[in-house]
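Dumped run-v3.tsv below, it's TSV, C-alpha atoms and all ligand atoms:
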chain	number	residue	atom	x	y	z
X	1	LYS	CA	2.78	160.51	-14.88
X	2	LYS	CA	4.47	157.38	-16.23
X	3	MET	CA	2.56	154.29	-15.15
X	4	PRO	CA	4.18	150.95	-14.45
X	5	LYS	CA	2.45	148.21	-16.45
X	6	LEU	CA	-0.31	146.36	-14.65
X	7	GLU	CA	1.59	143.09	-15.09
X	8	VAL	CA	4.31	144.24	-12.72
X	9	CYS	CA	1.84	144.38	-9.83
X	10	TYR	CA	2.47	141.01	-8.20
X	11	ASN	CA	0.64	141.55	-4.94
X	12	LEU	CA	-1.87	143.90	-3.32
X	13	MET	CA	0.77	146.16	-1.81
X	14	ASP	CA	2.11	146.96	-5.30
X	15	PHE	CA	-1.15	148.71	-6.20
X	16	GLU	CA	-0.74	151.01	-3.22
X	17	THR	CA	2.78	151.94	-4.33
X	18	VAL	CA	1.55	152.84	-7.81
X	19	ALA	CA	-1.56	154.65	-6.56
X	20	ARG	CA	0.47	156.80	-4.24
X	21	HIS	CA	2.38	158.19	-7.20
X	22	VAL	CA	-0.50	158.71	-9.59
X	23	MET	CA	-3.43	159.77	-7.39
X	24	LYS	CA	-4.40	163.37	-6.68
X	25	LYS	CA	-3.16	164.37	-3.27
X	26	PRO	CA	-6.52	164.88	-1.50
X	27	ALA	CA	-7.80	161.54	-2.84
X	28	TRP	CA	-4.66	159.74	-1.73
X	29	ALA	CA	-4.94	161.43	1.67
X	30	TYR	CA	-8.56	160.36	2.14
X	31	TYR	CA	-8.02	156.73	1.09
X	32	SER	CA	-4.70	156.11	2.79
X	33	SER	CA	-5.15	157.87	6.09
X	34	GLY	CA	-5.82	156.34	9.47
X	35	ALA	CA	-6.77	158.03	12.74
X	36	ASP	CA	-4.29	159.95	14.87
X	37	ASP	CA	-0.88	158.22	14.83
X	38	GLU	CA	-2.12	155.43	12.54
X	39	ILE	CA	-0.93	152.80	15.01
X	40	THR	CA	-4.05	150.68	14.59
X	41	MET	CA	-3.91	151.04	10.82
X	42	ARG	CA	-0.38	149.62	10.75
X	43	GLU	CA	-1.18	146.99	13.35
X	44	ASN	CA	-4.10	145.70	11.29
X	45	HIS	CA	-1.66	144.28	8.79
X	46	SER	CA	1.23	143.43	11.09
X	47	ALA	CA	-1.04	141.51	13.49
X	48	PHE	CA	-1.25	138.77	10.85
X	49	HIS	CA	2.54	138.42	11.01
X	50	LYS	CA	2.41	137.29	14.63
X	51	ILE	CA	0.35	134.26	13.68
X	52	TRP	CA	2.26	131.27	12.34
X	53	PHE	CA	1.07	128.26	10.40
X	54	ARG	CA	1.13	124.65	11.58
X	55	PRO	CA	0.75	123.03	8.12
X	56	LYS	CA	-0.24	119.41	7.60
X	57	VAL	CA	1.90	117.33	5.25
X	58	LEU	CA	0.95	114.43	3.02
X	59	VAL	CA	-2.58	115.62	2.45
X	60	ASP	CA	-3.95	115.07	-1.05
X	61	VAL	CA	-4.19	118.62	-2.40
X	62	LYS	CA	-4.34	117.82	-6.09
X	63	ASN	CA	-7.74	119.49	-6.28
X	64	VAL	CA	-8.16	122.55	-4.11
X	65	ASP	CA	-11.55	124.24	-3.77
X	66	ILE	CA	-11.43	127.78	-2.34
X	67	SER	CA	-15.15	128.51	-2.80
X	68	THR	CA	-17.46	128.79	0.20
X	69	THR	CA	-20.61	130.52	1.42
X	70	MET	CA	-21.06	133.81	3.26
X	71	LEU	CA	-24.57	134.63	4.52
X	72	ALA	CA	-25.80	131.71	2.43
X	73	THR	CA	-24.30	133.24	-0.72
X	74	LYS	CA	-21.98	131.02	-2.70
X	75	VAL	CA	-18.73	132.90	-3.39
X	76	ASP	CA	-15.58	131.98	-5.33
X	77	ILE	CA	-13.28	132.94	-2.46
X	78	PRO	CA	-14.04	134.07	1.12
X	79	PHE	CA	-13.42	137.78	0.79
X	80	TYR	CA	-15.85	140.59	-0.01
X	81	VAL	CA	-15.35	144.16	-1.21
X	82	THR	CA	-16.04	146.14	1.94
X	83	ALA	CA	-17.75	149.52	2.01
X	84	THR	CA	-15.48	152.48	1.37
X	85	ALA	CA	-16.90	155.96	0.83
X	86	LEU	CA	-16.22	158.33	-2.08
X	87	GLY	CA	-15.22	156.02	-4.92
X	88	LYS	CA	-15.09	158.87	-7.43
X	89	LEU	CA	-12.13	160.45	-5.66
X	90	GLY	CA	-10.09	157.59	-7.11
X	91	HIS	CA	-11.85	156.86	-10.40
X	92	PRO	CA	-14.33	158.91	-12.48
X	93	GLU	CA	-16.82	156.03	-12.57
X	94	GLY	CA	-16.64	155.34	-8.83
X	95	GLU	CA	-18.16	152.31	-7.09
X	96	VAL	CA	-19.64	150.67	-10.20
X	97	VAL	CA	-16.09	149.72	-11.19
X	98	LEU	CA	-15.97	147.59	-8.04
X	99	THR	CA	-19.42	146.18	-8.80
X	100	ARG	CA	-18.21	144.90	-12.18
X	101	ALA	CA	-15.04	143.38	-10.77
X	102	ALA	CA	-16.99	141.73	-7.94
X	103	HIS	CA	-19.29	140.18	-10.53
X	104	LYS	CA	-16.41	138.90	-12.60
X	105	HIS	CA	-14.87	137.15	-9.59
X	106	ASN	CA	-18.14	136.12	-7.95
X	107	VAL	CA	-17.62	137.90	-4.65
X	108	VAL	CA	-19.99	140.14	-2.70
X	109	GLN	CA	-19.81	143.94	-2.74
X	110	MET	CA	-20.86	145.96	0.30
X	111	ILE	CA	-22.34	149.27	-0.87
X	112	PRO	CA	-21.39	152.28	1.30
X	113	THR	CA	-24.01	154.79	2.48
X	114	LEU	CA	-21.58	157.49	1.38
X	115	ALA	CA	-20.88	156.17	-2.10
X	116	SER	CA	-20.07	158.71	-4.81
X	117	CYS	CA	-22.42	156.96	-7.23
X	118	SER	CA	-26.06	156.93	-6.22
X	119	PHE	CA	-27.32	153.77	-4.54
X	120	ASP	CA	-29.50	152.97	-7.55
X	121	GLU	CA	-26.62	153.34	-9.99
X	122	ILE	CA	-24.65	150.77	-8.01
X	123	VAL	CA	-27.60	148.38	-7.88
X	124	ASP	CA	-28.26	148.89	-11.60
X	125	ALA	CA	-24.64	147.92	-12.33
X	126	ARG	CA	-25.31	144.47	-10.88
X	127	GLN	CA	-25.24	141.56	-13.35
X	128	GLY	CA	-27.06	138.24	-13.18
X	129	ASP	CA	-27.66	137.02	-9.66
X	130	GLN	CA	-24.79	139.07	-8.24
X	131	VAL	CA	-25.13	139.75	-4.50
X	132	GLN	CA	-24.71	143.11	-2.77
X	133	TRP	CA	-24.97	144.18	0.86
X	134	LEU	CA	-25.57	147.67	2.25
X	135	GLN	CA	-23.38	149.44	4.82
X	136	LEU	CA	-25.50	151.81	6.87
X	137	TYR	CA	-24.61	154.99	8.67
X	138	VAL	CA	-27.62	155.71	10.83
X	139	ASN	CA	-29.13	159.13	10.31
X	140	LYS	CA	-30.38	161.29	13.20
X	141	ASP	CA	-33.62	161.35	11.26
X	142	ARG	CA	-34.78	157.73	11.53
X	143	GLU	CA	-37.37	158.20	8.78
X	144	ILE	CA	-34.50	158.77	6.33
X	145	THR	CA	-32.74	155.67	7.60
X	146	LYS	CA	-35.92	153.62	7.31
X	147	LYS	CA	-36.37	154.74	3.70
X	148	ILE	CA	-32.78	153.84	2.82
X	149	VAL	CA	-33.08	150.39	4.39
X	150	GLN	CA	-36.45	149.54	2.88
X	151	HIS	CA	-35.44	150.83	-0.53
X	152	ALA	CA	-32.31	148.65	-0.39
X	153	GLU	CA	-34.37	145.59	0.50
X	154	ALA	CA	-36.83	146.32	-2.29
X	155	ARG	CA	-33.93	146.56	-4.73
X	156	GLY	CA	-32.66	143.12	-3.80
X	157	VAL	CA	-29.82	143.95	-1.39
X	158	ARG	CA	-29.23	140.86	0.73
X	159	GLY	CA	-27.61	142.07	3.96
X	160	LEU	CA	-27.59	145.14	6.20
X	161	TYR	CA	-24.31	146.15	7.87
X	162	ILE	CA	-24.82	148.81	10.52
X	163	THR	CA	-21.59	150.63	11.25
X	164	VAL	CA	-21.22	150.82	15.01
X	165	ASP	CA	-17.67	152.09	15.42
X	166	ALA	CA	-18.26	155.61	14.18
X	167	PRO	CA	-20.51	157.73	16.45
X	168	GLN	CA	-18.13	160.47	15.36
X	169	LEU	CA	-15.58	160.15	12.59
X	170	GLY	CA	-11.97	159.83	13.74
X	171	ARG	CA	-9.29	162.45	13.13
X	172	ARG	CA	-7.43	161.55	10.00
X	173	GLU	CA	-4.92	164.30	9.95
X	174	LYS	CA	-3.54	163.73	6.46
X	175	ASP	CA	-7.10	164.12	5.19
X	176	MET	CA	-7.85	167.15	7.37
X	177	ARG	CA	-4.96	169.04	5.76
X	178	THR	CA	-6.70	168.92	2.38
X	179	LYS	CA	-9.86	170.62	1.16
X	180	PHE	CA	-12.84	168.49	0.21
X	181	ASP	CA	-13.81	168.75	-3.43
X	182	ASP	CA	-16.25	166.14	-4.59
X	183	SER	CA	-18.40	168.19	-6.89
X	184	GLY	CA	-19.30	165.27	-9.18
X	185	SER	CA	-20.77	163.15	-6.46
X	186	ASN	CA	-24.00	162.13	-4.87
X	187	VAL	CA	-22.68	162.61	-1.35
X	188	GLN	CA	-23.62	166.25	-0.94
X	189	SER	CA	-27.28	165.37	-1.15
X	190	THR	CA	-26.86	162.55	1.38
X	191	SER	CA	-25.10	164.81	3.85
X	192	GLY	CA	-27.30	167.89	3.69
X	193	ASP	CA	-26.33	171.44	2.81
X	194	ASN	CA	-24.14	172.53	5.69
X	195	VAL	CA	-20.99	170.89	4.43
X	196	ASP	CA	-17.73	172.25	5.84
X	197	ARG	CA	-15.20	171.66	3.09
X	198	SER	CA	-12.20	173.14	4.82
X	199	GLN	CA	-10.99	170.10	6.75
X	200	GLY	CA	-10.92	167.11	4.50
X	201	ALA	CA	-13.41	164.65	3.11
X	202	ALA	CA	-14.29	162.73	6.28
X	203	ARG	CA	-15.42	165.83	8.19
X	204	ALA	CA	-17.41	167.14	5.26
X	205	ILE	CA	-19.55	164.06	4.78
X	206	SER	CA	-20.31	162.79	8.25
X	207	SER	CA	-22.37	165.41	10.08
X	208	PHE	CA	-25.65	163.48	9.71
X	209	ILE	CA	-24.49	160.39	11.64
X	210	ASP	CA	-26.37	159.83	14.92
X	211	PRO	CA	-24.02	159.58	17.93
X	212	SER	CA	-26.89	158.54	20.19
X	213	LEU	CA	-27.33	155.18	18.44
X	214	SER	CA	-27.37	152.42	21.07
X	215	TRP	CA	-28.24	148.77	21.73
X	216	LYS	CA	-31.83	149.89	22.38
X	217	ASP	CA	-32.17	150.80	18.71
X	218	ILE	CA	-31.24	147.39	17.32
X	219	PRO	CA	-34.69	145.75	17.68
X	220	TRP	CA	-36.11	148.63	15.61
X	221	PHE	CA	-33.91	147.63	12.67
X	222	ARG	CA	-35.21	144.08	13.03
X	223	SER	CA	-38.74	145.48	12.79
X	224	ILE	CA	-38.18	147.42	9.57
X	225	THR	CA	-36.37	144.81	7.47
X	226	LYS	CA	-36.12	141.12	6.76
X	227	MET	CA	-32.53	141.43	5.53
X	228	PRO	CA	-29.92	139.72	7.71
X	229	ILE	CA	-28.45	142.33	10.09
X	230	PHE	CA	-24.76	142.61	10.93
X	231	LEU	CA	-23.02	145.03	13.27
X	232	LYS	CA	-19.84	146.33	11.63
X	233	GLY	CA	-17.07	147.42	13.95
X	234	VAL	CA	-17.46	145.21	17.05
X	235	GLN	CA	-14.23	144.98	19.06
X	236	ARG	CA	-14.77	142.87	22.20
X	237	VAL	CA	-16.29	139.53	23.08
X	238	GLU	CA	-18.79	141.10	25.48
X	239	ASP	CA	-20.33	142.98	22.57
X	240	VAL	CA	-20.44	139.84	20.43
X	241	LEU	CA	-22.42	138.19	23.23
X	242	LYS	CA	-24.77	141.20	23.37
X	243	ALA	CA	-25.18	141.03	19.61
X	244	ILE	CA	-26.24	137.38	19.93
X	245	GLU	CA	-28.76	138.35	22.63
X	246	CYS	CA	-30.14	141.06	20.33
X	247	GLY	CA	-30.72	138.43	17.69
X	248	VAL	CA	-28.57	139.96	14.98
X	249	ASP	CA	-27.25	137.59	12.34
X	250	GLY	CA	-23.60	138.51	12.50
X	251	VAL	CA	-20.81	140.89	13.39
X	252	VAL	CA	-17.80	142.25	11.57
X	253	LEU	CA	-14.85	142.42	13.94
X	254	SER	CA	-13.27	145.58	12.64
X	255	ASN	CA	-11.77	148.89	13.61
X	256	HIS	CA	-12.79	150.65	10.37
X	257	GLY	CA	-9.38	150.18	8.79
X	258	GLY	CA	-7.71	152.06	11.64
X	259	ARG	CA	-9.64	155.21	10.78
X	260	GLN	CA	-11.56	155.54	14.05
X	261	LEU	CA	-10.19	154.77	17.54
X	262	ASP	CA	-6.42	154.68	17.36
X	263	THR	CA	-4.73	151.88	19.33
X	264	ALA	CA	-7.85	149.75	19.04
X	265	ARG	CA	-6.94	146.10	18.46
X	266	SER	CA	-6.96	144.48	15.03
X	267	GLY	CA	-9.90	142.37	13.89
X	268	ILE	CA	-7.78	139.20	13.75
X	269	GLU	CA	-6.67	139.68	17.36
X	270	VAL	CA	-10.25	140.23	18.52
X	271	LEU	CA	-11.26	137.10	16.58
X	272	ALA	CA	-8.70	135.09	18.55
X	273	GLU	CA	-10.33	136.37	21.76
X	274	VAL	CA	-13.91	135.82	20.62
X	275	MET	CA	-13.99	132.34	19.06
X	276	PRO	CA	-12.74	130.24	22.02
X	277	ILE	CA	-15.37	131.86	24.25
X	278	LEU	CA	-18.17	131.29	21.75
X	279	ARG	CA	-17.09	127.65	21.38
X	280	GLU	CA	-16.85	127.19	25.15
X	281	ARG	CA	-20.46	128.38	25.45
X	282	GLY	CA	-21.68	126.49	22.39
X	283	LEU	CA	-22.61	129.76	20.65
X	284	GLN	CA	-20.36	129.49	17.59
X	285	ASP	CA	-23.25	128.66	15.26
X	286	LYS	CA	-25.55	131.36	16.65
X	287	ILE	CA	-23.78	134.14	14.79
X	288	GLU	CA	-21.68	134.62	11.67
X	289	ILE	CA	-18.31	136.27	12.25
X	290	LEU	CA	-16.49	138.30	9.62
X	291	ILE	CA	-13.38	140.41	10.06
X	292	ASP	CA	-11.72	143.21	8.13
X	293	GLY	CA	-8.64	145.39	8.33
X	294	GLY	CA	-5.17	144.91	6.90
X	295	VAL	CA	-5.95	141.82	4.81
X	296	ARG	CA	-3.41	141.94	1.98
X	297	ARG	CA	-2.41	138.31	1.36
X	298	ALA	CA	-4.34	135.08	0.99
X	299	THR	CA	-2.36	133.82	3.99
X	300	ASP	CA	-4.17	136.55	6.00
X	301	ILE	CA	-7.52	135.21	4.75
X	302	ILE	CA	-6.52	131.65	5.61
X	303	LYS	CA	-5.49	132.65	9.14
X	304	ALA	CA	-8.85	134.34	9.73
X	305	LEU	CA	-10.71	131.27	8.49
X	306	CYS	CA	-8.59	128.93	10.62
X	307	LEU	CA	-9.54	131.01	13.65
X	308	GLY	CA	-13.26	130.79	12.83
X	309	ALA	CA	-14.21	133.73	10.60
X	310	LYS	CA	-16.56	132.98	7.69
X	311	GLY	CA	-14.88	135.57	5.52
X	312	VAL	CA	-12.92	138.81	5.41
X	313	GLY	CA	-13.53	142.29	4.04
X	314	ILE	CA	-10.91	144.07	1.98
X	315	GLY	CA	-10.99	147.85	1.48
X	316	ARG	CA	-8.01	149.96	0.47
X	317	PRO	CA	-6.27	147.53	-1.92
X	318	PHE	CA	-9.25	147.56	-4.30
X	319	LEU	CA	-9.51	151.35	-4.07
X	320	PHE	CA	-5.84	151.70	-4.95
X	321	ALA	CA	-6.08	149.15	-7.78
X	322	MET	CA	-9.14	150.99	-9.14
X	323	SER	CA	-7.51	154.42	-8.84
X	324	ALA	CA	-4.35	153.33	-10.62
X	325	TYR	CA	-5.71	151.00	-13.32
X	326	GLY	CA	-9.52	151.06	-13.30
X	327	GLN	CA	-11.39	147.77	-13.50
X	328	PRO	CA	-8.46	145.78	-14.96
X	329	GLY	CA	-6.54	146.70	-11.81
X	330	VAL	CA	-9.27	145.45	-9.49
X	331	ASP	CA	-9.63	142.29	-11.60
X	332	ARG	CA	-5.96	141.60	-11.29
X	333	ALA	CA	-5.93	142.25	-7.55
X	334	MET	CA	-8.75	139.74	-7.10
X	335	GLN	CA	-7.10	137.18	-9.38
X	336	LEU	CA	-3.82	137.50	-7.48
X	337	LEU	CA	-5.68	136.71	-4.26
X	338	LYS	CA	-7.37	133.68	-5.84
X	339	ASP	CA	-4.02	132.35	-7.08
X	340	GLU	CA	-2.36	132.96	-3.72
X	341	MET	CA	-5.28	131.30	-1.97
X	342	ALA	CA	-5.15	128.07	-3.97
X	343	MET	CA	-1.40	127.83	-3.61
X	344	ASN	CA	-1.33	128.48	0.12
X	345	MET	CA	-4.20	126.09	0.80
X	346	ARG	CA	-2.02	123.42	-0.84
X	347	LEU	CA	0.99	124.39	1.22
X	348	ILE	CA	-0.94	124.34	4.48
X	349	GLY	CA	-2.52	120.98	3.60
X	350	ALA	CA	-6.15	121.96	3.14
X	351	ALA	CA	-8.14	120.85	0.08
X	352	LYS	CA	-11.26	122.81	0.96
X	353	ILE	CA	-12.34	125.69	3.17
X	354	GLU	CA	-13.85	123.42	5.86
X	355	ASP	CA	-10.39	121.87	6.31
X	356	LEU	CA	-9.11	125.14	7.83
X	357	THR	CA	-9.19	124.60	11.60
X	358	PRO	CA	-7.78	126.36	14.68
X	359	ASP	CA	-5.01	123.76	15.16
X	360	MET	CA	-3.48	124.90	11.85
X	361	VAL	CA	-2.31	128.19	13.32
X	362	ASP	CA	-0.07	129.00	16.26
X	363	ILE	CA	-1.17	132.21	17.98
X	364	SER	CA	1.17	131.97	20.97
X	365	SER	CA	3.43	134.76	19.74
X	366	ALA	CA	0.42	137.01	19.10
X	367	ARG	CA	-0.62	136.52	22.72
X	368	SER	CA	2.83	137.06	24.26
X	369	HIS	CA	3.24	140.55	22.75
B	1	LIG	C1	-13.63	153.01	4.89
B	1	LIG	N1	-14.41	152.27	5.77
B	1	LIG	C2	-15.75	152.57	5.90
B	1	LIG	N2	-16.52	151.84	6.73
B	1	LIG	C3	-17.85	152.13	6.87
B	1	LIG	O1	-18.53	151.43	7.62
B	1	LIG	N3	-18.40	153.17	6.18
B	1	LIG	C4	-17.67	153.94	5.35
B	1	LIG	O2	-18.19	154.89	4.73
B	1	LIG	C5	-16.29	153.66	5.19
B	1	LIG	N4	-15.53	154.42	4.38
B	1	LIG	C6	-14.20	154.09	4.19
B	1	LIG	C7	-13.43	154.84	3.31
B	1	LIG	C8	-12.12	154.50	3.07
B	1	LIG	C9	-11.31	155.29	2.09
B	1	LIG	C10	-11.53	153.40	3.75
B	1	LIG	C11	-10.09	152.99	3.51
B	1	LIG	C12	-12.28	152.68	4.65
B	1	LIG	C13	-13.84	151.11	6.50
B	1	LIG	C14	-13.90	149.85	5.66
B	1	LIG	O3	-15.23	149.40	5.51
B	1	LIG	C15	-13.10	148.71	6.29
B	1	LIG	O4	-13.45	148.54	7.64
B	1	LIG	C16	-11.59	148.93	6.16
B	1	LIG	O5	-11.30	149.60	4.98
B	1	LIG	C17	-10.85	147.62	6.18
B	1	LIG	O6	-9.50	147.84	6.21
B	1	LIG	P1	-8.52	147.81	4.91
B	1	LIG	O7	-8.83	146.57	4.11
B	1	LIG	O8	-8.76	149.07	4.19
B	1	LIG	O9	-7.18	147.73	5.57
Could you render the structure as structure tokens?
Amino acid sequence: KKMPKLEVCYNLMDFETVARHVMKKPAWAYYSSGADDEITMRENHSAFHKIWFRPKVLVDVKNVDISTTMLATKVDIPFYVTATALGKLGHPEGEVVLTRAAHKHNVVQMIPTLASCSFDEIVDARQGDQVQWLQLYVNKDREITKKIVQHAEARGVRGLYITVDAPQLGRREKDMRTKFDDSGSNVQSTSGDNVDRSQGAARAISSFIDPSLSWKDIPWFRSITKMPIFLKGVQRVEDVLKAIECGVDGVVLSNHGGRQLDTARSGIEVLAEVMPILRERGLQDKIEILIDGGVRRATDIIKALCLGAKGVGIGRPFLFAMSAYGQPGVDRAMQLLKDEMAMNMRLIGAAKIEDLTPDMVDISSARSH
């Protein structure tokens, strides 16, 4: 198929438009789908549009610094490549393409349990002091989980992200209409032999996940690793408070990119609920808060930081950029975000990340909906 030149992609949505036309149908279906009616998936992005800026004028923004730290890691810009399964559906080299781009732009990559490349291949693709985290689906067989976690720590992974919003994978109907064919991938061995390939990728790969995982299990993770522990997929302030009690290091407010519970709220909306309560109770420094879902513009990142997040995860845009253009696509997507970020920091009147404060956004229209 005829490909538009990379230079005509001016924003992250453009990569999706191109990918949709050039990707194989089952791959497109797996990456692009959300659960049920995809209401949450759409809301993830549109929730940012209900938040308005209250910019400051006459601030010296000659020099703007968009770098910051996440989990004590210095990063060029406060986003990370979040964990998305099955990278080889979109590109023959899979997740290592994202590893290289993350290195080039000095951002963190979260490695998925269900990567197409093997875990060690993705770690081996690391350059210099590049930082990676591990997303964990917890196996019914805890010995397997323990091995995965301890191997990751031994190989220098610097954070453990336990996915807590997926005791069962959601129904992504677009995906279910296609057959799963991932013959070149490591996932079959991760998932065991009884793989049902008839109803899409998500069904085929997820049978090992333990639906009995509960708060009682969290101290066990603390006992098997020294890595910082995050819960990925928290969706209410009560659970953030429980997470603090459990002594975890952070949470990702996320609904799994709208692929799990449909009509769950967006991460940015949950953030607006969580932060005032943490501040009221003096708990804001007890835990690090990240969000993901629907982040497509640097203005989305800025809004999340104003409201108190330390950073945001971005999933699909990098998959689409990789599928359409390989690493140059992902590089460009990341550069576009950096350029947007510096410009919009200037326009909002913030010279550095710490200047982004809650008074710089107006969330009253988000609340009145
Ligand atoms: C995901 N996500 C995900 N999350 C997780 O914890 N384990 C996983 O294996 C996957 N796999 C996965 C595959 C694909 C194709 C997508 C799109 C997403 C969810 C992901 O980490 C993140 O929460 C969302 O992708 C964020 O939303 P956006 O940026 O895709 O809108």
**OP:** Mind checking which residues fall within 8 Å of X:Arg259, counting only C-alpha atoms, ignoring those fewer than 6 positions away in the same chain, and posting them as a ChimeraX atom specification?
**Re:** /X:33-35,38,41,169-172
**OP:** Go through the chains and note each residue within 6 Å of ligand LIG 1 (chain B), using only C-alpha atoms and all ligand atoms, then give the set as a PyMOL selection string.
**Re:** chain X and resi 30-31+82-85+112+114+135+163+254+256-257+292-295+314-316
Subject >> Distance in Å - atom CA of X:Val108 versus atom CA of X:Asn63 >> reply: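 Interatomic distance, atom CA of X:Val108 to atom CA of X:Asn63: 24.3 Å.
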Shell around stretch 337-340 of chain X at 9 Å using only C-alpha atoms, local window under 3 positions removed, as a CSV table (one decimal) with C-alpha atoms, in the frame of the given file:
chain,number,residue,atom,x,y,z
X,11,ASN,CA,0.6,141.6,-4.9
X,12,LEU,CA,-1.9,143.9,-3.3
X,66,ILE,CA,-11.4,127.8,-2.3
X,76,ASP,CA,-15.6,132.0,-5.3
X,77,ILE,CA,-13.3,132.9,-2.5
X,296,ARG,CA,-3.4,141.9,2.0
X,297,ARG,CA,-2.4,138.3,1.4
X,298,ALA,CA,-4.3,135.1,1.0
X,299,THR,CA,-2.4,133.8,4.0
X,332,ARG,CA,-6.0,141.6,-11.3
X,333,ALA,CA,-5.9,142.2,-7.6
X,334,MET,CA,-8.8,139.7,-7.1
X,343,MET,CA,-1.4,127.8,-3.6
X,344,ASN,CA,-1.3,128.5,0.1
X,345,MET,CA,-4.2,126.1,0.8
Original post:
With distances taken over all atoms listed in the file, which of X:Lys352, X:Lys303, X:Gly233, X:Ser364 is nearest to X:Asp60?
Top reply: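 That would be X:Lys352, the residue with the smallest distance to X:Asp60.
Of the residues listed (X:Asp217, X:Glu43, X:Glu354, X:Glu288), X:Asp217 shows the shortest atom-to-atom separation from X:Ile162; distances use all atoms listed in the file.
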**OP:** Identify the residues within 9 Å of coordinate (-32.0, 144.7, 23.3) (same frame as the file), considering only C-alpha atoms, and give the answer as a ChimeraX atom specification.
**Re:** /X:215-219,242-243,245-247
**OP:** State, in Å with one decimal place, the distance from atom CA of X:Ala166 to atom CA of X:Val97.
**Re:** 26.1 Å
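The space between atom CA of X:Asp331 and atom CA of X:Ala101 spans 5.6 Å.
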Original post:
Neighbours of X:Gly250 within 8 Å (all atoms listed in the file; same-chain residues fewer than 5 positions away dropped), as a list in words?
Top reply: Ile229, Phe230, Leu231, Ala243, Ile244, Ile287, Glu288, Ile289 and Leu290 of chain X
Subject >> Polymer residues at most 8 Å from stretch 140-150 of chain X, only C-alpha atoms, same-chain spacing of 6 or more positions, as a list in words >> reply: Leu160, Phe208, Ile209, Asp210, Ile224 and Thr225 of chain X
Original post:
Nearest to X:Gly94: which of X:Val312, X:Tyr80, X:Ser46, X:Ala115 is it, counting only C-alpha atoms?
Top reply: X:Ala115
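Shortest atom-to-atom contact with X:Asp249 among X:Ala324, X:Leu278, X:Ala350, X:Met227: X:Met227, counting all atoms listed in the file.
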Please provide as a PDB file with C-alpha atoms, keeping the file's coordinate frame all residues within 12 Å of X:Leu98, with the sequence filter that same-chain residues fewer than 5 positions apart are discarded (counting all atoms listed in the file).
ATOM      1  CA  TYR X  80     -15.850 140.590  -0.010  1.00  0.00           C
ATOM      2  CA  VAL X  81     -15.350 144.160  -1.210  1.00  0.00           C
ATOM      3  CA  THR X  82     -16.040 146.140   1.940  1.00  0.00           C
ATOM      4  CA  ALA X  83     -17.750 149.520   2.010  1.00  0.00           C
ATOM      5  CA  THR X  84     -15.480 152.480   1.370  1.00  0.00           C
ATOM      6  CA  GLY X  87     -15.220 156.020  -4.920  1.00  0.00           C
ATOM      7  CA  LYS X  88     -15.090 158.870  -7.430  1.00  0.00           C
ATOM      8  CA  GLY X  90     -10.090 157.590  -7.110  1.00  0.00           C
ATOM      9  CA  HIS X  91     -11.850 156.860 -10.400  1.00  0.00           C
ATOM     10  CA  GLU X  93     -16.820 156.030 -12.570  1.00  0.00           C
ATOM     11  CA  HIS X 103     -19.290 140.180 -10.530  1.00  0.00           C
ATOM     12  CA  LYS X 104     -16.410 138.900 -12.600  1.00  0.00           C
ATOM     13  CA  HIS X 105     -14.870 137.150  -9.590  1.00  0.00           C
ATOM     14  CA  ASN X 106     -18.140 136.120  -7.950  1.00  0.00           C
ATOM     15  CA  VAL X 107     -17.620 137.900  -4.650  1.00  0.00           C
ATOM     16  CA  VAL X 108     -19.990 140.140  -2.700  1.00  0.00           C
ATOM     17  CA  GLN X 109     -19.810 143.940  -2.740  1.00  0.00           C
ATOM     18  CA  MET X 110     -20.860 145.960   0.300  1.00  0.00           C
ATOM     19  CA  ILE X 111     -22.340 149.270  -0.870  1.00  0.00           C
ATOM     20  CA  PRO X 112     -21.390 152.280   1.300  1.00  0.00           C
ATOM     21  CA  ALA X 115     -20.880 156.170  -2.100  1.00  0.00           C
ATOM     22  CA  CYS X 117     -22.420 156.960  -7.230  1.00  0.00           C
ATOM     23  CA  ILE X 122     -24.650 150.770  -8.010  1.00  0.00           C
ATOM     24  CA  VAL X 123     -27.600 148.380  -7.880  1.00  0.00           C
ATOM     25  CA  ALA X 125     -24.640 147.920 -12.330  1.00  0.00           C
ATOM     26  CA  ARG X 126     -25.310 144.470 -10.880  1.00  0.00           C
ATOM     27  CA  GLN X 132     -24.710 143.110  -2.770  1.00  0.00           C
ATOM     28  CA  ILE X 314     -10.910 144.070   1.980  1.00  0.00           C
ATOM     29  CA  GLY X 315     -10.990 147.850   1.480  1.00  0.00           C
ATOM     30  CA  ARG X 316      -8.010 149.960   0.470  1.00  0.00           C
ATOM     31  CA  PRO X 317      -6.270 147.530  -1.920  1.00  0.00           C
ATOM     32  CA  PHE X 318      -9.250 147.560  -4.300  1.00  0.00           C
ATOM     33  CA  LEU X 319      -9.510 151.350  -4.070  1.00  0.00           C
ATOM     34  CA  PHE X 320      -5.840 151.700  -4.950  1.00  0.00           C
ATOM     35  CA  ALA X 321      -6.080 149.150  -7.780  1.00  0.00           C
ATOM     36  CA  MET X 322      -9.140 150.990  -9.140  1.00  0.00           C
ATOM     37  CA  SER X 323      -7.510 154.420  -8.840  1.00  0.00           C
ATOM     38  CA  GLY X 326      -9.520 151.060 -13.300  1.00  0.00           C
ATOM     39  CA  GLN X 327     -11.390 147.770 -13.500  1.00  0.00           C
ATOM     40  CA  PRO X 328      -8.460 145.780 -14.960  1.00  0.00           C
ATOM     41  CA  GLY X 329      -6.540 146.700 -11.810  1.00  0.00           C
ATOM     42  CA  VAL X 330      -9.270 145.450  -9.490  1.00  0.00           C
ATOM     43  CA  ASP X 331      -9.630 142.290 -11.600  1.00  0.00           C
ATOM     44  CA  ALA X 333      -5.930 142.250  -7.550  1.00  0.00           C
ATOM     45  CA  MET X 334      -8.750 139.740  -7.100  1.00  0.00           C
TER      46      MET X 334
END
